[in-house]
Every structure is written in C-alpha cells, then in structure tokens.
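Structure file my_file.cif; described as mmCIF, C-alpha atoms.
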```
data_upload
loop_
_atom_site.label_atom_id
_atom_site.label_comp_id
_atom_site.auth_asym_id
_atom_site.auth_seq_id
_atom_site.Cartn_x
_atom_site.Cartn_y
_atom_site.Cartn_z
CA MET F 1 -1.47 1.54 19.03
CA LYS F 2 -5.17 0.83 19.38
CA TYR F 3 -6.59 -2.06 17.39
CA THR F 4 -9.63 -4.31 17.22
CA ILE F 5 -10.03 -8.06 16.85
CA GLU F 6 -13.06 -8.54 14.66
CA GLU F 7 -14.83 -11.32 12.81
CA ALA F 8 -15.59 -9.64 9.51
CA LYS F 9 -17.98 -11.06 6.95
CA LEU F 10 -16.65 -11.43 3.42
CA LEU F 11 -19.20 -9.53 1.33
CA LYS F 12 -17.54 -9.70 -2.08
CA LYS F 13 -14.63 -11.57 -3.61
CA GLU F 14 -13.10 -10.60 -6.97
CA GLN F 15 -10.09 -11.82 -8.92
CA LEU F 16 -8.39 -8.74 -10.37
CA ALA F 17 -5.54 -10.53 -12.15
CA LYS F 18 -3.80 -13.89 -12.05
CA GLY F 19 -3.18 -14.65 -8.39
CA ILE F 20 -4.47 -11.27 -7.18
CA PHE F 21 -7.75 -10.97 -5.27
CA ARG F 22 -9.88 -8.19 -3.81
CA PHE F 23 -11.94 -8.90 -0.69
CA THR F 24 -14.63 -6.51 0.50
CA VAL F 25 -15.44 -7.23 4.14
CA PHE F 26 -17.96 -5.85 6.60
CA SER F 27 -15.92 -4.57 9.53
CA PRO F 28 -17.59 -1.44 10.95
CA ALA F 29 -15.43 -1.20 14.09
CA VAL F 30 -12.24 -1.08 12.00
CA ALA F 31 -13.60 0.91 9.04
CA SER F 32 -14.60 3.76 11.36
CA VAL F 33 -11.07 4.35 12.68
CA ALA F 34 -8.58 2.98 10.12
CA LYS F 35 -6.37 5.30 8.06
CA ALA F 36 -4.77 5.09 4.62
CA GLY F 37 -1.59 3.03 4.69
CA GLN F 38 -2.49 0.86 7.68
CA PHE F 39 -2.98 -2.90 7.47
CA ALA F 40 -4.74 -5.90 9.00
CA ASN F 41 -3.31 -9.15 10.30
CA ILE F 42 -5.63 -11.86 9.03
CA SER F 43 -6.00 -15.37 10.43
CA VAL F 44 -5.56 -18.25 7.98
CA ALA F 45 -6.93 -21.74 8.63
CA GLY F 46 -4.22 -24.22 9.56
CA LYS F 47 -1.52 -21.56 10.02
CA ILE F 48 -0.19 -20.26 13.33
CA LEU F 49 0.88 -16.85 12.08
CA ARG F 50 -1.58 -14.36 10.62
CA ARG F 51 -0.94 -12.75 7.23
CA PRO F 52 -0.45 -8.97 7.01
CA ILE F 53 -2.65 -7.49 4.28
CA SER F 54 -2.66 -3.78 3.45
CA ILE F 55 -5.89 -1.83 3.56
CA CYS F 56 -6.72 -0.78 0.01
CA GLU F 57 -9.88 1.24 0.57
CA LEU F 58 -12.17 2.31 3.41
CA ASP F 59 -15.91 2.90 3.35
CA PRO F 60 -16.73 3.94 6.94
CA GLN F 61 -20.27 5.01 6.05
CA PHE F 62 -21.20 1.40 5.29
CA GLY F 63 -18.61 -0.27 7.52
CA ARG F 64 -16.67 -1.81 4.65
CA ILE F 65 -12.98 -2.39 4.02
CA ARG F 66 -11.35 -3.57 0.82
CA PHE F 67 -8.17 -5.61 0.80
CA VAL F 68 -6.15 -6.53 -2.28
CA PHE F 69 -3.53 -9.26 -1.96
CA GLU F 70 -1.42 -11.54 -4.10
CA VAL F 71 -1.02 -15.27 -3.60
CA ARG F 72 2.63 -15.68 -2.60
CA GLY F 73 2.64 -18.79 -0.44
CA ASP F 74 0.50 -21.37 1.32
CA GLY F 75 -1.16 -18.85 3.64
CA THR F 76 -2.37 -16.43 1.00
CA ALA F 77 -3.34 -19.39 -1.21
CA ILE F 78 -5.62 -20.66 1.56
CA LEU F 79 -7.01 -17.15 2.12
CA SER F 80 -7.78 -16.82 -1.60
CA GLN F 81 -10.08 -19.84 -1.36
CA ALA F 82 -12.52 -18.06 0.95
CA VAL F 83 -16.02 -17.61 -0.43
CA GLU F 84 -18.53 -14.83 0.00
CA GLY F 85 -20.28 -15.17 3.34
CA ASP F 86 -17.23 -16.59 5.11
CA ILE F 87 -15.93 -14.98 8.28
CA ILE F 88 -12.52 -13.30 8.06
CA ASP F 89 -10.83 -13.12 11.47
CA LEU F 90 -8.71 -9.98 11.53
CA ILE F 91 -6.77 -7.68 13.82
CA ALA F 92 -6.79 -4.07 12.65
CA PRO F 93 -6.03 -1.28 12.10
CA LEU F 94 -2.32 -1.86 12.57
CA GLY F 95 0.74 0.27 11.96
CA HIS F 96 1.42 3.89 11.13
CA GLY F 97 -0.17 4.95 7.86
CA PHE F 98 0.37 7.87 5.50
CA ASP F 99 0.43 11.41 6.87
CA LEU F 100 -1.91 13.14 4.46
CA GLY F 101 -1.46 16.86 3.88
CA ASP F 102 -3.50 19.72 2.49
CA PRO F 103 -5.63 18.27 -0.36
CA SER F 104 -4.80 21.31 -2.49
CA LEU F 105 -1.16 20.22 -2.68
CA GLN F 106 0.20 18.53 -5.79
CA ALA F 107 0.71 14.91 -4.73
CA VAL F 108 2.33 12.12 -6.72
CA PHE F 109 1.69 8.45 -5.98
CA VAL F 110 4.06 5.79 -7.29
CA GLY F 111 3.16 2.12 -6.96
CA GLY F 112 4.87 -1.01 -8.18
CA GLY F 113 3.00 -4.31 -8.54
CA ILE F 114 1.26 -5.37 -5.35
CA GLY F 115 2.52 -2.12 -3.82
CA VAL F 116 -0.28 -0.34 -5.68
CA PRO F 117 -3.26 -1.16 -3.37
CA PRO F 118 -2.11 0.74 -0.22
CA LEU F 119 -1.97 3.97 -2.24
CA LEU F 120 -5.62 4.09 -3.32
CA GLU F 121 -7.15 5.34 -0.07
CA ALA F 122 -4.44 8.01 0.26
CA ALA F 123 -4.88 9.20 -3.33
CA LYS F 124 -8.60 9.70 -2.76
CA SER F 125 -7.76 12.54 -0.35
CA TYR F 126 -6.15 14.58 -3.14
CA GLY F 127 -8.68 13.91 -5.90
CA ARG F 128 -7.74 15.82 -9.07
CA ASN F 129 -4.51 17.01 -7.44
CA ALA F 130 -3.22 13.44 -7.43
CA SER F 131 -0.92 12.21 -10.18
CA VAL F 132 -0.64 8.42 -10.07
CA TYR F 133 2.11 6.36 -11.69
CA LEU F 134 1.65 2.60 -11.61
CA GLY F 135 4.16 0.00 -12.71
CA PHE F 136 3.38 -3.62 -13.62
CA ARG F 137 5.15 -6.56 -15.24
CA SER F 138 2.62 -6.57 -18.06
CA GLU F 139 -0.91 -5.57 -18.97
CA GLU F 140 -2.15 -8.88 -17.58
CA ALA F 141 -0.81 -7.99 -14.13
CA MET F 142 -2.46 -4.56 -14.09
CA ILE F 143 -4.80 -3.78 -11.18
CA LEU F 144 -6.86 -0.86 -9.80
CA VAL F 145 -6.16 1.59 -12.63
CA ARG F 146 -9.82 2.48 -13.06
CA ASP F 147 -10.26 2.79 -9.28
CA PHE F 148 -7.73 5.62 -9.18
CA ALA F 149 -9.12 7.29 -12.30
CA VAL F 150 -12.76 7.41 -11.19
CA ARG F 151 -11.67 9.20 -8.04
CA GLY F 152 -10.23 12.05 -10.08
CA ALA F 153 -6.55 11.13 -10.25
CA ALA F 154 -4.51 11.45 -13.43
CA VAL F 155 -3.09 7.96 -14.04
CA ARG F 156 -0.16 6.79 -16.15
CA ILE F 157 0.96 3.19 -16.58
CA ALA F 158 4.37 1.64 -17.12
CA THR F 159 4.91 -2.02 -18.00
CA ASP F 160 8.15 -3.97 -18.06
CA ASP F 161 7.28 -5.62 -21.38
CA GLY F 162 5.67 -2.60 -23.05
CA SER F 163 2.29 -4.33 -23.40
CA LEU F 164 0.52 -1.20 -22.10
CA GLY F 165 1.51 2.39 -21.50
CA TYR F 166 5.14 3.38 -21.12
CA HIS F 167 7.67 0.64 -21.88
CA GLY F 168 10.05 0.79 -18.95
CA PHE F 169 10.24 1.54 -15.26
CA VAL F 170 7.60 3.55 -13.46
CA THR F 171 10.38 5.63 -11.92
CA ASP F 172 11.09 7.01 -15.41
CA LEU F 173 7.62 8.57 -15.35
CA LEU F 174 8.30 10.09 -11.95
CA LYS F 175 11.59 11.54 -13.16
CA GLU F 176 9.80 13.19 -16.07
CA LYS F 177 7.15 14.59 -13.73
CA LEU F 178 9.72 16.06 -11.34
CA GLN F 179 11.61 17.68 -14.21
CA ASN F 180 8.55 19.28 -15.80
CA ASP F 181 6.02 20.04 -13.06
CA HIS F 182 5.75 21.26 -9.50
CA VAL F 183 5.37 18.45 -6.96
CA ASP F 184 4.72 19.01 -3.26
CA ILE F 185 4.87 15.45 -1.96
CA ILE F 186 5.45 11.87 -3.12
CA TYR F 187 3.86 8.73 -1.70
CA ALA F 188 5.30 5.38 -2.78
CA CYS F 189 4.92 1.66 -2.19
CA GLY F 190 6.56 -1.23 -3.99
CA PRO F 191 9.82 -3.18 -4.25
CA ARG F 192 12.67 -1.84 -2.13
CA PRO F 193 14.99 -0.99 -5.10
CA MET F 194 12.17 1.13 -6.56
CA LEU F 195 11.61 2.91 -3.25
CA LYS F 196 15.33 3.55 -2.82
CA LEU F 197 15.49 5.23 -6.23
CA ILE F 198 12.36 7.29 -5.54
CA ALA F 199 13.81 8.43 -2.21
CA ALA F 200 16.99 9.58 -3.97
CA MET F 201 15.02 11.47 -6.63
CA ALA F 202 12.87 13.16 -3.99
CA ARG F 203 15.93 14.18 -1.98
CA GLU F 204 17.63 15.60 -5.08
CA GLN F 205 14.56 17.70 -5.92
CA GLY F 206 13.85 18.72 -2.31
CA VAL F 207 10.42 17.06 -2.34
CA ALA F 208 8.89 15.44 0.74
CA CYS F 209 8.47 11.68 0.32
CA GLN F 210 6.74 8.96 2.32
CA VAL F 211 7.34 5.28 1.60
CA SER F 212 5.47 2.18 2.69
CA LEU F 213 7.93 -0.63 3.35
CA GLU F 214 7.27 -4.30 2.68
CA GLU F 215 8.80 -6.57 5.33
CA ARG F 216 8.06 -10.07 6.61
CA MET F 217 6.01 -9.88 9.80
CA GLY F 218 5.22 -12.19 12.68
CA CYS F 219 2.92 -10.73 15.33
CA GLY F 220 2.00 -7.49 13.53
CA ILE F 221 1.84 -5.52 16.81
CA GLY F 222 5.50 -4.92 17.66
CA ALA F 223 6.01 -7.79 20.10
CA CYS F 224 8.45 -9.83 17.99
CA LEU F 225 11.54 -8.78 16.06
CA VAL F 226 10.76 -10.24 12.64
CA CYS F 227 10.13 -6.90 10.89
CA ALA F 228 12.85 -4.82 12.59
CA CYS F 229 14.38 -2.36 10.11
CA PRO F 230 17.16 0.26 10.51
CA ILE F 231 15.71 3.77 10.61
CA LEU F 232 17.57 7.02 11.28
CA LYS F 233 16.72 8.78 14.54
CA ASP F 234 18.58 12.06 15.05
CA GLY F 235 20.93 10.91 12.30
CA VAL F 236 21.79 7.63 14.02
CA PRO F 237 20.60 4.23 12.67
CA THR F 238 18.32 2.47 15.14
CA TYR F 239 16.00 -0.46 14.66
CA ARG F 240 12.26 0.13 14.42
CA HIS F 241 9.35 -2.27 13.96
CA VAL F 242 7.85 -1.86 10.49
CA CYS F 243 4.55 -3.25 11.79
CA LYS F 244 4.26 -0.67 14.57
CA GLU F 245 6.33 2.42 13.75
CA GLY F 246 5.70 1.79 10.03
CA PRO F 247 4.95 0.52 7.49
CA VAL F 248 5.03 4.16 6.37
CA PHE F 249 8.19 6.18 7.03
CA ASN F 250 9.60 9.43 5.74
CA ALA F 251 11.96 8.38 2.95
CA GLU F 252 14.94 10.29 4.35
CA GLU F 253 14.72 8.27 7.59
CA VAL F 254 15.17 4.87 5.94
CA VAL F 255 18.65 3.30 5.87
CA TRP F 256 18.48 2.05 2.29
CA ASP F 257 21.81 0.28 2.12
CA ALA F 258 21.43 -1.79 5.29
#
```
Whole structure, structure tokens version:
Amino acid sequence: MKYTIEEAKLLKKEQLAKGIFRFTVFSPAVASVAKAGQFANISVAGKILRRPISICELDPQFGRIRFVFEVRGDGTAILSQAVEGDIIDLIAPLGHGFDLGDPSLQAVFVGGGIGVPPLLEAAKSYGRNASVYLGFRSEEAMILVRDFAVRGAAVRIATDDGSLGYHGFVTDLLKEKLQNDHVDIIYACGPRPMLKLIAAMAREQGVACQVSLEERMGCGIGACLVCACPILKDGVPTYRHVCKEGPVFNAEEVVWDA
C-alpha cells in the first residue's frame, strides 16, 4: 500500500447537519492517486492516535479532497473546530476502495447515516446509471442528497421518523428495486446490521455486492490489530485488517455473524 504524509490546507469548512462537517482540503499529492472508498488518517491536536476519515469526493484537477465526518468523540470534536486556512496533517490514501465496473452497468448505492459520504465518489463513475438510496434518522440529519443528484444519480430518501421521503428502512427501498428492476451491482456503506441485510438480499438475487465496513482503527496501515475482522478466504474464516485489506470487501466474503 502506497501512501503519502501531507500537510493539507483546509480551504473550506461547512456544517452539513448537526454534528456533521465537510472539509475541503488542498492535497494534490493524495488527490492525484486516491480512489473511491479509500480513507485518510488525520492527526488531531492533543491525541496520540489519528482519526480515520473516509474520502467523500476527489478533485484531482485542482488537487482537492472533500471529507465528511460526524463528531463522535473528543478527537472528531477537536477536528471540527479547525478553521479555514489551518493545516490538516494527514496520511492517505489508505485502504482498498471500491472496485468500479463498466459505467454502463446498472449500479445501486445504499448508504446509511454517516455511511453515505464514501459512496459519492463511486456513484459519480456511473452517472445516470446510478440509483442511490440514502437512509437517515430524520430530515435534519440528511446530508449530500443534492451532491448525488447533480451528478446524474436517481436519489431516493428513507427516514426513520418519516419526516422526509419513505418512512422506514432504506433497505426496504433496495428490496423494491431488486424486485422490479435489473441491477448489476450494489455498493453499500453504513451500520453493520444494514450491511448484513443488504448482503443477504444481494446473495438471494445473485447480484454482486461490495460493502465498506466501519471498524475502530489504530494505526490505519495494517501494523496493529485493532481493526482485524473475520473474512472468508477459500471458504475458511481468517482475520484481515479492515484498514489495509478493506475497508471495502465483497459482501460474500464477510463473516457477518462473528
């Protein structure tokens, strides 16, 4: 795995929803080589361990990367206090991202909550052939819907409380899609129970599926064992580093009941 340590300038900071921020940073060395589904390990003042943040969008022409993250603890709270012009110390690109296929294929993207951002760059590859299903707690927690739409994707929303779009789980929308339309491949990121259900639905329908797993990480480069996860290799469970061999895996390789 080849990665760069770079001091990236924070060009733009936006708050997308309560506790959710988007950073646009100038990082030409990383933007020129990073792929959809990879992530960065970002240094946080006063903390020993870096924080893994998924790459949301790449703009290699202008050397820019966009990250979207949610404040979940002290580290991300400190990171959220950065101001435009600050230097963001990052290691990237890390991990194995999405394997993107023929853009003429019918691709479905399913994201839940903060699992939505890693899907944006991948969905751009399919344009109008991308169907995007996004699930949120409520309308107030909704993020990036317009970003998918302006890039040609057909977007549907599900909210737990029914405040916007479909009242229920985003997996219900996927089930409807699989029953009524042809789907070549599914890409998904979000809570593990959601991914487990999506993997089962894909297997039942014989549709290829890639999932981006969320695991706690330490080093981010495969040197520690914090993010080890059981993955099938030749039908036998064996531990793999989510930070290095993942975070994206083929759904049928993941041991969901471990």
Selected residue, from F:Ser125, F:Gln106, F:Thr76, F:Phe98, that lies nearest to Ala251 in chain F when counting all atoms listed in the file: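 Nearest candidate to Ala251 in chain F out of F:Ser125, F:Gln106, F:Thr76, F:Phe98: F:Phe98.
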Target residues per the PyMOL selection byres ((chain F and resi 133-144) around 8), formatted as JSON, numbers by chain: {"F": [16, 17, 18, 108, 109, 110, 111, 112, 113, 116, 117, 131, 132, 145, 146, 147, 148, 155, 156, 157, 158, 159, 160, 161, 162, 163, 164, 169, 170, 173, 174]}
Output check: residues returned by the PyMOL selection byres ((chain F and resi 232-237) around 7), as a PyMOL selection string: chain F and resi 230-231+238-239+253-255
Neighbour list for Tyr126 in chain F as a PyMOL selection string, cut-off 7 Å, all atoms listed in the file, skip fewer than 4 positions in-chain: chain F and resi 103-104+130
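Nearest-residue note for Trp256 in chain F: choosing from F:Lys177, F:Lys2, F:Lys124, F:Arg192, the minimum distance belongs to F:Arg192, counting all atoms listed in the file.
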Near-range 32-41 of chain F list (9 Å; all atoms listed in the file; drop same-chain fewer than 2 positions) as a PyMOL selection string: chain F and resi 27-30+43+49-61+63-64+67+89-100+118-123+212+219-220+243+246-248
Spatial neighbours of Ile20 in chain F, max dist 9 Å, only C-alpha atoms, sep filter under 4 positions, as a PyMOL selection string: chain F and resi 14-16+68-71+80+114+141+143
Among listed residues F:Asn250, F:Gln210, F:Gln205, F:Asn129, nearest Ala188 in chain F (using only C-alpha atoms): F:Gln210
Selected residue, from F:Ile185, F:Cys229, F:Leu195, F:Val242, that lies nearest to Ala208 in chain F when counting only C-alpha atoms: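 Distance minimum relative to Ala208 in chain F lands on F:Ile185.
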Atom-to-atom span, CA of Glu6 in chain F and CA of Ile88 in chain F, Å: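 CA of Glu6 in chain F sits 8.2 Å away from CA of Ile88 in chain F.
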Rebuild range 182-193 of chain F so that it carries all heavy atoms, then output the result as a compact mmCIF listing (two decimals), in the frame of the given file.
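Result file out_39.txt:
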```
# COMPACT_ATOMS: atom_id res chain seq x y z
N HIS F 182 5.57 21.05 -10.94
CA HIS F 182 5.75 21.26 -9.50
C HIS F 182 5.12 20.08 -8.75
O HIS F 182 3.99 19.68 -9.02
CB HIS F 182 5.08 22.56 -9.06
CG HIS F 182 5.07 22.75 -7.57
ND1 HIS F 182 6.20 23.11 -6.88
CD2 HIS F 182 4.07 22.59 -6.66
CE1 HIS F 182 5.91 23.19 -5.59
NE2 HIS F 182 4.64 22.87 -5.42
N VAL F 183 5.85 19.55 -7.80
CA VAL F 183 5.37 18.45 -6.96
C VAL F 183 5.61 18.81 -5.50
O VAL F 183 6.72 19.22 -5.13
CB VAL F 183 6.10 17.12 -7.29
CG1 VAL F 183 5.67 16.02 -6.32
CG2 VAL F 183 5.82 16.71 -8.73
N ASP F 184 4.59 18.69 -4.68
CA ASP F 184 4.72 19.01 -3.26
C ASP F 184 5.12 17.80 -2.42
O ASP F 184 5.87 17.93 -1.45
CB ASP F 184 3.40 19.58 -2.71
CG ASP F 184 3.09 20.95 -3.27
OD1 ASP F 184 3.92 21.86 -3.10
OD2 ASP F 184 2.01 21.11 -3.89
N ILE F 185 4.60 16.62 -2.77
CA ILE F 185 4.87 15.45 -1.96
C ILE F 185 4.72 14.18 -2.80
O ILE F 185 3.91 14.14 -3.74
CB ILE F 185 3.92 15.38 -0.73
CG1 ILE F 185 4.35 14.27 0.22
CG2 ILE F 185 2.45 15.27 -1.15
CD1 ILE F 185 3.72 14.34 1.59
N ILE F 186 5.50 13.17 -2.45
CA ILE F 186 5.45 11.87 -3.12
C ILE F 186 5.10 10.80 -2.10
O ILE F 186 5.63 10.79 -0.99
CB ILE F 186 6.81 11.52 -3.75
CG1 ILE F 186 7.21 12.56 -4.80
CG2 ILE F 186 6.77 10.12 -4.39
CD1 ILE F 186 8.66 12.43 -5.26
N TYR F 187 4.19 9.92 -2.49
CA TYR F 187 3.86 8.73 -1.70
C TYR F 187 4.20 7.52 -2.55
O TYR F 187 3.85 7.47 -3.73
CB TYR F 187 2.37 8.70 -1.35
CG TYR F 187 1.88 9.87 -0.53
CD1 TYR F 187 1.35 11.00 -1.14
CD2 TYR F 187 1.92 9.83 0.86
CE1 TYR F 187 0.89 12.08 -0.39
CE2 TYR F 187 1.46 10.90 1.62
CZ TYR F 187 0.95 12.02 0.99
OH TYR F 187 0.49 13.08 1.74
N ALA F 188 4.87 6.52 -1.97
CA ALA F 188 5.30 5.38 -2.78
C ALA F 188 5.21 4.08 -2.01
O ALA F 188 5.40 4.03 -0.79
CB ALA F 188 6.72 5.60 -3.28
N CYS F 189 4.93 3.01 -2.75
CA CYS F 189 4.92 1.66 -2.19
C CYS F 189 5.27 0.69 -3.30
O CYS F 189 4.75 0.79 -4.41
CB CYS F 189 3.55 1.32 -1.59
SG CYS F 189 3.51 -0.28 -0.74
N GLY F 190 6.15 -0.26 -2.99
CA GLY F 190 6.56 -1.23 -3.99
C GLY F 190 7.86 -1.89 -3.59
O GLY F 190 8.28 -1.82 -2.43
N PRO F 191 8.55 -2.51 -4.54
CA PRO F 191 9.82 -3.18 -4.25
C PRO F 191 10.85 -2.20 -3.68
O PRO F 191 10.89 -1.03 -4.07
CB PRO F 191 10.26 -3.71 -5.63
CG PRO F 191 9.01 -3.76 -6.44
CD PRO F 191 8.16 -2.63 -5.97
N ARG F 192 11.69 -2.70 -2.80
CA ARG F 192 12.67 -1.84 -2.13
C ARG F 192 13.60 -1.10 -3.10
O ARG F 192 13.86 0.10 -2.91
CB ARG F 192 13.48 -2.66 -1.13
CG ARG F 192 14.33 -1.80 -0.19
CD ARG F 192 15.05 -2.65 0.84
NE ARG F 192 15.83 -1.83 1.75
CZ ARG F 192 15.39 -1.32 2.89
NH1 ARG F 192 14.13 -1.53 3.26
NH2 ARG F 192 16.18 -0.59 3.67
N PRO F 193 14.13 -1.74 -4.17
CA PRO F 193 14.99 -0.99 -5.10
C PRO F 193 14.26 0.20 -5.72
O PRO F 193 14.85 1.26 -5.94
CB PRO F 193 15.36 -2.03 -6.15
CG PRO F 193 15.26 -3.34 -5.43
CD PRO F 193 14.08 -3.18 -4.52
```
